[in-house]
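Colleague: Have a look at this one.
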Amino acid sequence: MRIAKFCILVIILIFGFALQSEVTNYELWNYSSAYYRNSEYTYENEEERLELIEDIYNGCEKYNVECFSECYKDIDGINVDYTVFYKSDKTKEELLKKNRVTEHRYISLLSGNVDVEFKGFLEQKSENYKYIYDVSFIGNDDDIDKLYAFLSENHSISYPAITNGSERDVIYSVWSIIVFICILMTCMEIIYNKKEYIVRISLGESVKRIILYNIIINMIISWLLFFAIRAAVFSVLYGEFMRTQICILYGIGVGLSCLCYLSYGIYDIKKAFSNVNDTKVILRTTYVIKVAVTAITIFTLVTNLSILLKDAASLSNAKMIENLKGYSYIRLNELGHDIENNSLDEYINAIYKKIYKEFYEESAPIICEHALIDEDNNVNYLKVNENGKCFIDKYLDLTEIDDKSDVAVFVPKDKIDAIDFDEVEYIVDELGIGTTDTKIQYIYYKGNISVPYIDQRIDLENVMNPVVILQNRMDIEKYNEELFSSDYREIMFNLSEAQIDEIKKKYEIDTKGLELIQVDVNESYTYHNNFIRKLIAFCSSLCFFSIILQMVLIILIVRMEYKLHAMELAVKKILGFGLTERNKFLICFGVITNLIVMILVMIIGNFLVKISLPLCLLIGISVIFLELLVTFINLIIIEKNSVSKILKGGCL
């Protein structure tokens with residue numbers, strides 16, 4: 001039972017620390033106005049902005065208030081540069097102590113990475129940071145109010161107030177549940193083992209020694225697991241928001257679970273030697289836990305194996321990426337725009353369209369993107385320009401394309417009846433070609449192929465048996481800029497630094513409150529590969545511990561069945577009942593509940609995360625066979641060692 005308890009503890013600690021990291025990354029966007037009084041300000045011109053920054057700094061010195069401002073720069077949709085402009089070392093110490101904000105890369109599984117950098121408060125006077133519009137204050141409320149009165153005399157600044165809620169309640173809730181589970185599992189362990197310890201006490205073993213031994217073992221293993229799992233999780237992730245509070249809360253849980261062992265000092269020897277058995281309660285509870293764990297195991301295996309198979313496929317694209325040396329993604333990020341008579345998105349789209357056309361021959365831009373998914377017919381459409389042939393030539397026979405064809409459409413033979421030809425023409429239009437006088441050639445292929453495409457979130461993704469709409473050749477004279485449409489973050493450009501400078505100057509990127517960033521394709525792919533490997537390791541550990549926990553509970557149930565029905569099972573064996581017949585309930589319960597759980601996981605999982613039903617079926621059946629194997633092995637071992645003892649000792 002102790003092994004089962006600590007297996008459960010391992011799994012919930014992994015989830016607890018992973019959630020702690022996610023909350024930390026979320027809080028980086030939230031803490032400045034969730035824990036500190038924050039003011040927003042406006043200014044008419046650059047001179048007034050510089051004067052305001054000076055007045056804030058000098059006012060803080062005068063009224064003994066600390067302050068900081070912050071600037072976020074989205075690099076590529078995954079990585080963010082976060083700069084904190086702090087007044088003094090006291091400010092840095094406060095942010096580290098209260099919010100765990102320090103100069104580091106904060107790595108998250110779900111919300112990307114944040115690179116934190118600290119700079120002096122007055123460094124935000126640089127032209128690069130002219131789009132900062134708020135400041136947070138640290139100090140006594142009366143002093144902050146005096147500072148506000150001082151600043152509001154000459155500047156347009158809002159009253160300092162806390163405007164966002166914190167995520168502390170999430171951390172407290174999750175770790176309170178973890179503590180409760182620790183105590184609950186300890187109580188179950190005590191109920192399961194108490195009869196054995198009473199017998200040992202009756203034979204002369206010291207009660208104090210038993211209690212002290214269990215307390216020490218529980219405390220040592222609980223804290224070893226806590227620190228080991230924390231080190232393992234934060235070797236992959238980073239962000240220990242509320243570290244001290246979590247340690248205190250966990251310590252309280254460990255302490256309370258240790259106090260539960262004092263119940264070994266309250267015992268009834270007469271009851272222990274009678275046929276009264278408390279195992280029935282714990283057995284029923286364990287059956288319930290086992291059903292829940294089975295559901296968690298199957299769901300964890302299905303979702304994590306789906307991730308592993310999906311991400312492992314993207315790792316196979318390394319050689320193709322190596323051939324794209326010099327290519328990069330272009331990001332146009334908003335700093336705070338000065339654009340009139342047009343929306344920001346429209347302005348950025350217009351710039352991208354012009355870059356694509358004017359630098360087409362020089363930069364050889366590559367498009368290979370997911371254009372459409374027809375969920376009703378399970379058909380995926382990929383849009384590929386002529387430079388993107390390197391993505392598909394390994395999977396499709398491009399020699400079948402007629403030289404006179406403007407567009408080649410590769411269609412899987414088993415999807416011919418499901419193709420929407422109107423959608424095909426619409427996607428052709430999006431390539432800037434137009435369907436008027438455009439020769440479209442349809443080519444049909446068979447077999448299962450996994451084709452890569454550019455996905456700005458993770459660089460490359462793979463899709464099975466897509467409809468590939470390939471622009472066979474580009475006639476720049478016929479290129480229709482109005483028709484052209486793409487997710488520009490997914491276009492690879494081969495631009496030199498001189499060309500980037502030319503683009504910035506020509507389209508007034510810097511003066512319009514925008515920032516143009518190049519993200520090297522090879523570097524980005526390498527980063528994502530490293531991330532995927534860490535994710536695979538994390539998912540594999542969850543799968544491993546889920547399976548171990550499942551097996552431990554099966555072994556525990558088999559042993560408790562023999563403790564509760566020992567005499568009955570021993571007599572049935574002597575009377576010639578077969579192994580399966582003697583343990584009919586145990587085997588049938590395991591198979592039936594696993595089938596029900598598997599079906600429920602397939603139904604619920606398909607609605608929530610669109611899991612693979614064949615994979616779910618395969619894993620469910622594998623879990624059933626593995627459980628049966630472990631059950632039969634343990635039944636054979638227990639019967640071999642215990643039947644004679646049971647017949648001689650009765651309930652002992």
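The way I read the labels, and the way they are meant: chains A, B, ... in the order of the structure tokens, residue 1 as the first residue of every chain, and ligand 1 as the first ligand shown, with later ones counted on from there.
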To test your reading of the structure, identify every residue in segment 43-174 of chain A that backbone DSSP assigns to strand (DSSP E or B), and report it as number ranges by chain.

Modeller: A: 66-74, 79-86, 105-107, 113-120, 134-138, 156-157, 161

Colleague: Create the file for the chosen residues now, containing N, CA and C atoms and written as a JSON list (two decimals), in the first residue's frame.

Modeller:
```json
[["chain", "number", "residue", "atom", "x", "y", "z"],
["A", 66, "GLU", "N", 9.44, 52.85, -4.13],
["A", 66, "GLU", "CA", 10.11, 52.13, -5.22],
["A", 66, "GLU", "C", 9.16, 52.05, -6.41],
["A", 67, "CYS", "N", 9.71, 51.94, -7.61],
["A", 67, "CYS", "CA", 8.85, 51.87, -8.79],
["A", 67, "CYS", "C", 9.52, 51.03, -9.87],
["A", 68, "PHE", "N", 8.69, 50.55, -10.80],
["A", 68, "PHE", "CA", 9.22, 49.85, -11.98],
["A", 68, "PHE", "C", 8.21, 49.94, -13.12],
["A", 69, "SER", "N", 8.74, 49.93, -14.33],
["A", 69, "SER", "CA", 7.93, 49.85, -15.54],
["A", 69, "SER", "C", 8.34, 48.60, -16.29],
["A", 70, "GLU", "N", 7.56, 48.23, -17.29],
["A", 70, "GLU", "CA", 7.85, 46.98, -18.01],
["A", 70, "GLU", "C", 7.53, 47.13, -19.48],
["A", 71, "CYS", "N", 8.25, 46.34, -20.28],
["A", 71, "CYS", "CA", 8.07, 46.37, -21.73],
["A", 71, "CYS", "C", 8.10, 44.94, -22.26],
["A", 72, "TYR", "N", 7.07, 44.56, -23.02],
["A", 72, "TYR", "CA", 7.01, 43.23, -23.62],
["A", 72, "TYR", "C", 7.25, 43.34, -25.12],
["A", 73, "LYS", "N", 8.05, 42.42, -25.66],
["A", 73, "LYS", "CA", 8.26, 42.34, -27.11],
["A", 73, "LYS", "C", 8.07, 40.90, -27.55],
["A", 74, "ASP", "N", 7.01, 40.66, -28.32],
["A", 74, "ASP", "CA", 6.74, 39.32, -28.85],
["A", 74, "ASP", "C", 7.70, 39.06, -30.01],
["A", 79, "ASN", "N", 8.43, 33.06, -28.16],
["A", 79, "ASN", "CA", 9.41, 33.71, -27.29],
["A", 79, "ASN", "C", 9.07, 35.19, -27.11],
["A", 80, "VAL", "N", 9.16, 35.64, -25.87],
["A", 80, "VAL", "CA", 8.87, 37.03, -25.54],
["A", 80, "VAL", "C", 10.04, 37.62, -24.77],
["A", 81, "ASP", "N", 10.46, 38.81, -25.17],
["A", 81, "ASP", "CA", 11.46, 39.56, -24.39],
["A", 81, "ASP", "C", 10.71, 40.47, -23.42],
["A", 82, "TYR", "N", 10.99, 40.34, -22.14],
["A", 82, "TYR", "CA", 10.31, 41.12, -21.11],
["A", 82, "TYR", "C", 11.37, 41.92, -20.35],
["A", 83, "THR", "N", 11.29, 43.25, -20.45],
["A", 83, "THR", "CA", 12.27, 44.12, -19.80],
["A", 83, "THR", "C", 11.61, 44.85, -18.63],
["A", 84, "VAL", "N", 12.27, 44.78, -17.47],
["A", 84, "VAL", "CA", 11.80, 45.49, -16.27],
["A", 84, "VAL", "C", 12.74, 46.66, -16.02],
["A", 85, "PHE", "N", 12.18, 47.86, -15.98],
["A", 85, "PHE", "CA", 12.96, 49.07, -15.67],
["A", 85, "PHE", "C", 12.76, 49.38, -14.18],
["A", 86, "TYR", "N", 13.78, 49.12, -13.39],
["A", 86, "TYR", "CA", 13.64, 49.19, -11.94],
["A", 86, "TYR", "C", 14.39, 50.40, -11.38],
["A", 105, "ARG", "N", 15.41, 32.89, -18.21],
["A", 105, "ARG", "CA", 14.46, 32.46, -19.23],
["A", 105, "ARG", "C", 13.40, 31.60, -18.55],
["A", 106, "TYR", "N", 12.16, 32.06, -18.58],
["A", 106, "TYR", "CA", 11.05, 31.32, -18.00],
["A", 106, "TYR", "C", 10.47, 30.41, -19.08],
["A", 107, "ILE", "N", 10.59, 29.10, -18.87],
["A", 107, "ILE", "CA", 10.19, 28.12, -19.87],
["A", 107, "ILE", "C", 8.87, 27.49, -19.46],
["A", 113, "ASN", "N", 7.96, 30.93, -23.99],
["A", 113, "ASN", "CA", 9.09, 31.30, -23.13],
["A", 113, "ASN", "C", 9.17, 32.81, -22.98],
["A", 114, "VAL", "N", 9.61, 33.24, -21.81],
["A", 114, "VAL", "CA", 9.77, 34.67, -21.54],
["A", 114, "VAL", "C", 11.20, 34.90, -21.05],
["A", 115, "ASP", "N", 11.95, 35.74, -21.77],
["A", 115, "ASP", "CA", 13.30, 36.12, -21.36],
["A", 115, "ASP", "C", 13.24, 37.43, -20.60],
["A", 116, "VAL", "N", 13.58, 37.38, -19.31],
["A", 116, "VAL", "CA", 13.47, 38.55, -18.44],
["A", 116, "VAL", "C", 14.82, 39.25, -18.34],
["A", 117, "GLU", "N", 14.79, 40.58, -18.53],
["A", 117, "GLU", "CA", 16.00, 41.41, -18.41],
["A", 117, "GLU", "C", 15.68, 42.62, -17.55],
["A", 118, "PHE", "N", 16.59, 43.01, -16.68],
["A", 118, "PHE", "CA", 16.42, 44.19, -15.83],
["A", 118, "PHE", "C", 17.29, 45.33, -16.35],
["A", 119, "LYS", "N", 16.72, 46.54, -16.37],
["A", 119, "LYS", "CA", 17.47, 47.74, -16.74],
["A", 119, "LYS", "C", 17.10, 48.86, -15.77],
["A", 120, "GLY", "N", 17.99, 49.85, -15.68],
["A", 120, "GLY", "CA", 17.72, 50.99, -14.83],
["A", 120, "GLY", "C", 16.47, 51.74, -15.27],
["A", 134, "ASP", "N", 2.64, 52.84, -18.53],
["A", 134, "ASP", "CA", 2.22, 52.64, -17.15],
["A", 134, "ASP", "C", 3.43, 52.41, -16.25],
["A", 135, "VAL", "N", 3.21, 52.55, -14.95],
["A", 135, "VAL", "CA", 4.27, 52.38, -13.95],
["A", 135, "VAL", "C", 3.64, 51.80, -12.69],
["A", 136, "SER", "N", 4.39, 50.92, -11.99],
["A", 136, "SER", "CA", 3.91, 50.30, -10.75],
["A", 136, "SER", "C", 4.74, 50.80, -9.57],
["A", 137, "PHE", "N", 4.09, 50.94, -8.43],
["A", 137, "PHE", "CA", 4.74, 51.51, -7.25],
["A", 137, "PHE", "C", 4.80, 50.48, -6.11],
["A", 138, "ILE", "N", 5.89, 50.52, -5.35],
["A", 138, "ILE", "CA", 6.09, 49.65, -4.18],
["A", 138, "ILE", "C", 6.38, 50.54, -2.98],
["A", 156, "SER", "N", -0.62, 63.96, -16.85],
["A", 156, "SER", "CA", -1.87, 63.20, -16.93],
["A", 156, "SER", "C", -1.58, 61.76, -16.53],
["A", 157, "ILE", "N", -1.90, 61.44, -15.28],
["A", 157, "ILE", "CA", -1.59, 60.11, -14.73],
["A", 157, "ILE", "C", -2.74, 59.64, -13.86],
["A", 161, "ALA", "N", -3.68, 52.09, -8.54],
["A", 161, "ALA", "CA", -4.65, 51.12, -8.03],
["A", 161, "ALA", "C", -4.27, 49.71, -8.49]]
```

Colleague: Any idea what the distance is between atom CA of Lys640 of chain A and atom CA of Lys584 of chain A?

Modeller: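 These atoms are spaced 18.5 Å apart.
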
Colleague: If you run DSSP on this backbone, which residues of segment 285-407 of chain A come out as helix (DSSP H, G or I), and could you give them as a PyMOL selection string?

Modeller: chain A and resi 285-315+318-322+344-358+360-363+386-392+398-400

Colleague: Which residues are near Gln20 of chain A? Cut-off 9 Å, only C-alpha atoms, ignore same chain within fewer than 2 positions. Put them as number ranges by chain.

Modeller: A: 15-18, 22-25, 171, 239-243

Colleague: Dump C-alpha atoms for the selected residues as a compact mmCIF listing (two decimals), in the first residue's frame?

Modeller:
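The result, stored in part-v4.txt:
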```txt
# COMPACT_ATOMS: atom_id res chain seq x y z
CA PHE A 15 1.22 17.94 -12.19
CA GLY A 16 1.54 20.31 -9.23
CA PHE A 17 4.98 21.58 -10.23
CA ALA A 18 4.05 21.77 -13.93
CA GLU A 22 2.44 27.68 -15.99
CA VAL A 23 1.04 30.03 -13.33
CA THR A 24 4.47 31.68 -12.99
CA ASN A 25 4.56 32.43 -16.72
CA ILE A 171 -1.91 27.48 -6.34
CA GLY A 239 9.17 29.32 -12.74
CA GLU A 240 8.64 28.69 -9.03
CA PHE A 241 5.86 31.11 -8.16
CA MET A 242 4.94 30.90 -4.44
CA ARG A 243 7.82 28.51 -3.75
```

Colleague: Determine the nearest neighbour of Gly388 of chain A from the options A:Cys7, A:Ile367, A:Met560, A:Ala408, counting only C-alpha atoms.

Modeller: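 Of the candidates, the smallest distance to Gly388 of chain A is held by A:Ile367.
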
Colleague: Find the residue from A:Val199, A:Cys247, A:Val302, A:Val65 that sits nearest to Gly139 of chain A; use only C-alpha atoms when measuring.

Modeller: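 So, comparing all the options, the nearest one is A:Val65.
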
Colleague: In Å, rounded to a single decimal, give me how far atom CA of Pro466 of chain A is from atom CA of Ile443 of chain A.

Modeller: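 So the answer is 12.5 Å.
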
Colleague: Give me, as a list in words, all polymer residues having an atom no more than 12 Å from Arg49 of chain A, counting only C-alpha atoms and skipping those fewer than 3 positions away in the same chain.

Modeller: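 Using only C-alpha atoms, the neighbours found are Tyr41, Thr42, Tyr43, Glu44, Asn45, Glu46, Leu52, Ile53, Glu54, Asp55, Ile56, Leu122, Gln124, Lys125, Ser126, Glu127, Tyr129, Lys130, Tyr131, Ile132, Tyr133, Asp134, Asn154, His155, Ser156 and Ile157 of chain A.
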
Colleague: Selected residues, N, CA and C atoms, written as a short mmCIF file (atom, residue, chain, number, x, y, z; two decimals), in the first residue's frame, please.

Modeller:
```cif
data_model
loop_
_atom_site.label_atom_id
_atom_site.label_comp_id
_atom_site.auth_asym_id
_atom_site.auth_seq_id
_atom_site.Cartn_x
_atom_site.Cartn_y
_atom_site.Cartn_z
N TYR A 41 -0.44 56.49 -17.75
CA TYR A 41 -0.23 57.90 -18.04
C TYR A 41 -0.23 58.15 -19.54
N THR A 42 -0.44 59.38 -19.90
CA THR A 42 -0.40 59.80 -21.31
C THR A 42 0.46 61.05 -21.43
N TYR A 43 0.93 61.32 -22.64
CA TYR A 43 1.75 62.51 -22.88
C TYR A 43 1.50 62.99 -24.30
N GLU A 44 1.79 64.26 -24.53
CA GLU A 44 1.51 64.87 -25.82
C GLU A 44 2.68 64.74 -26.79
N ASN A 45 3.90 64.75 -26.27
CA ASN A 45 5.07 64.73 -27.15
C ASN A 45 6.25 64.07 -26.43
N GLU A 46 7.36 63.93 -27.16
CA GLU A 46 8.53 63.26 -26.62
C GLU A 46 9.13 64.01 -25.44
N LEU A 52 8.26 63.35 -17.74
CA LEU A 52 7.45 62.51 -16.86
C LEU A 52 8.30 61.40 -16.22
N ILE A 53 9.14 60.75 -17.02
CA ILE A 53 10.01 59.68 -16.49
C ILE A 53 10.93 60.23 -15.40
N GLU A 54 11.50 61.41 -15.67
CA GLU A 54 12.38 62.05 -14.68
C GLU A 54 11.61 62.37 -13.40
N ASP A 55 10.39 62.90 -13.56
CA ASP A 55 9.59 63.28 -12.38
C ASP A 55 9.18 62.05 -11.56
N ILE A 56 8.86 60.95 -12.25
CA ILE A 56 8.52 59.72 -11.52
C ILE A 56 9.71 59.26 -10.68
N LEU A 122 15.67 54.82 -15.66
CA LEU A 122 15.82 55.93 -16.60
C LEU A 122 16.21 55.48 -18.00
N GLN A 124 14.51 53.69 -19.87
CA GLN A 124 13.32 53.68 -20.73
C GLN A 124 13.13 55.02 -21.46
N LYS A 125 14.00 55.98 -21.18
CA LYS A 125 13.94 57.25 -21.91
C LYS A 125 14.37 57.06 -23.36
N SER A 126 14.98 55.92 -23.67
CA SER A 126 15.39 55.63 -25.04
C SER A 126 14.18 55.64 -25.97
N GLU A 127 14.42 56.03 -27.20
CA GLU A 127 13.37 56.08 -28.23
C GLU A 127 12.70 54.72 -28.41
N TYR A 129 11.67 52.69 -26.30
CA TYR A 129 10.67 52.36 -25.29
C TYR A 129 9.62 53.46 -25.13
N LYS A 130 9.38 54.19 -26.18
CA LYS A 130 8.45 55.32 -26.07
C LYS A 130 6.99 54.88 -25.98
N TYR A 131 6.74 53.57 -26.12
CA TYR A 131 5.37 53.09 -26.07
C TYR A 131 5.02 52.43 -24.73
N ILE A 132 5.77 52.77 -23.69
CA ILE A 132 5.42 52.34 -22.33
C ILE A 132 4.46 53.39 -21.75
N TYR A 133 3.33 52.92 -21.22
CA TYR A 133 2.30 53.86 -20.76
C TYR A 133 1.89 53.64 -19.30
N ASP A 134 2.64 52.84 -18.53
CA ASP A 134 2.22 52.64 -17.15
C ASP A 134 3.43 52.41 -16.25
N ASN A 154 1.40 68.14 -12.75
CA ASN A 154 1.93 68.54 -14.05
C ASN A 154 1.74 67.49 -15.15
N HIS A 155 1.20 66.32 -14.79
CA HIS A 155 1.10 65.24 -15.78
C HIS A 155 -0.27 64.57 -15.73
N SER A 156 -0.62 63.96 -16.85
CA SER A 156 -1.87 63.20 -16.93
C SER A 156 -1.58 61.76 -16.53
N ILE A 157 -1.90 61.44 -15.28
CA ILE A 157 -1.59 60.11 -14.73
C ILE A 157 -2.74 59.64 -13.86
#
```

Colleague: What is the distance, in Å and to one decimal place, between atom CA of Lys319 of chain A and atom CA of Glu362 of chain A?

Modeller: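 Atom CA of Lys319 of chain A sits 23.7 Å away from atom CA of Glu362 of chain A.
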
Colleague: Choose the residue, out of A:Met219, A:Phe180, A:Tyr264, A:Asn128, that has the smallest atom-to-atom separation from Ser206 of chain A; count only C-alpha atoms.

Modeller: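 Smallest distance to Ser206 of chain A is found for A:Tyr264.
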
Colleague: Can you pull out every residue within 12 Å of Val10 of chain A, counting only C-alpha atoms, but drop anything in the same chain fewer than 2 positions away, and send it as JSON, numbers by chain?

Modeller: {"A": [3, 4, 5, 6, 7, 8, 12, 13, 14, 15, 16, 17, 178, 181, 182, 221, 222, 223, 224, 225, 226, 227, 228, 229, 230, 232, 233, 541, 542, 543, 544, 545, 546, 548, 549]}

Colleague: Got time to write the residues from that selection, C-alpha atoms, as a PDB file, in the first residue's frame?

Modeller:
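Here's the written file again.pdb:
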```
ATOM      1  CA  ILE A   3       4.248   1.851  -2.780  1.00  0.00           C
ATOM      2  CA  ALA A   4       0.837   2.747  -4.249  1.00  0.00           C
ATOM      3  CA  LYS A   5       0.690   5.831  -2.037  1.00  0.00           C
ATOM      4  CA  PHE A   6       4.053   7.116  -3.188  1.00  0.00           C
ATOM      5  CA  CYS A   7       3.315   6.316  -6.870  1.00  0.00           C
ATOM      6  CA  ILE A   8       0.197   8.485  -6.600  1.00  0.00           C
ATOM      7  CA  ILE A  12       0.296  14.526  -8.465  1.00  0.00           C
ATOM      8  CA  LEU A  13       3.598  16.250  -7.645  1.00  0.00           C
ATOM      9  CA  ILE A  14       4.540  16.270 -11.344  1.00  0.00           C
ATOM     10  CA  PHE A  15       1.218  17.937 -12.186  1.00  0.00           C
ATOM     11  CA  GLY A  16       1.542  20.305  -9.230  1.00  0.00           C
ATOM     12  CA  PHE A  17       4.984  21.576 -10.228  1.00  0.00           C
ATOM     13  CA  ILE A 178      -2.395  17.402  -3.142  1.00  0.00           C
ATOM     14  CA  ILE A 181      -4.656  13.184  -1.159  1.00  0.00           C
ATOM     15  CA  CYS A 182      -1.410  12.591   0.782  1.00  0.00           C
ATOM     16  CA  ILE A 221      10.408   9.544   1.308  1.00  0.00           C
ATOM     17  CA  SER A 222       7.817  12.356   1.047  1.00  0.00           C
ATOM     18  CA  TRP A 223      10.476  15.076   1.137  1.00  0.00           C
ATOM     19  CA  LEU A 224      12.908  13.147  -1.098  1.00  0.00           C
ATOM     20  CA  LEU A 225      10.178  12.784  -3.733  1.00  0.00           C
ATOM     21  CA  PHE A 226       9.228  16.445  -3.356  1.00  0.00           C
ATOM     22  CA  PHE A 227      12.745  17.754  -3.974  1.00  0.00           C
ATOM     23  CA  ALA A 228      13.630  15.131  -6.617  1.00  0.00           C
ATOM     24  CA  ILE A 229      10.500  15.772  -8.691  1.00  0.00           C
ATOM     25  CA  ARG A 230      10.824  19.531  -8.298  1.00  0.00           C
ATOM     26  CA  ALA A 232      13.346  17.069 -12.484  1.00  0.00           C
ATOM     27  CA  VAL A 233      10.397  19.261 -13.542  1.00  0.00           C
ATOM     28  CA  SER A 541       7.582   9.971 -17.336  1.00  0.00           C
ATOM     29  CA  LEU A 542       3.846  10.559 -16.863  1.00  0.00           C
ATOM     30  CA  CYS A 543       3.041   7.439 -18.902  1.00  0.00           C
ATOM     31  CA  PHE A 544       5.587   5.379 -16.963  1.00  0.00           C
ATOM     32  CA  PHE A 545       4.294   6.379 -13.537  1.00  0.00           C
ATOM     33  CA  SER A 546       0.658   5.936 -14.636  1.00  0.00           C
ATOM     34  CA  ILE A 548       3.369   1.631 -12.523  1.00  0.00           C
ATOM     35  CA  LEU A 549       0.527   2.977 -10.371  1.00  0.00           C
TER      36      LEU A 549
END
```

Colleague: Pick out the closest residue to Tyr381 of chain A from this set: A:Ile469, A:Pro412, A:Ile440, A:Ile330. Count only C-alpha atoms.

Modeller: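 Distance minimum relative to Tyr381 of chain A lands on A:Ile469.
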
Colleague: Counting only C-alpha atoms, which of A:Thr102, A:Tyr192, A:Phe391, A:Ile619 gets nearest to Asn323 of chain A?

Modeller: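 Closest to Asn323 of chain A of all the choices is A:Phe391.
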
Colleague: Have a look at A:Ala149, A:Met602, A:Leu372, A:Val379 and name the one nearest to Asp417 of chain A; count only C-alpha atoms.

Modeller: A:Val379
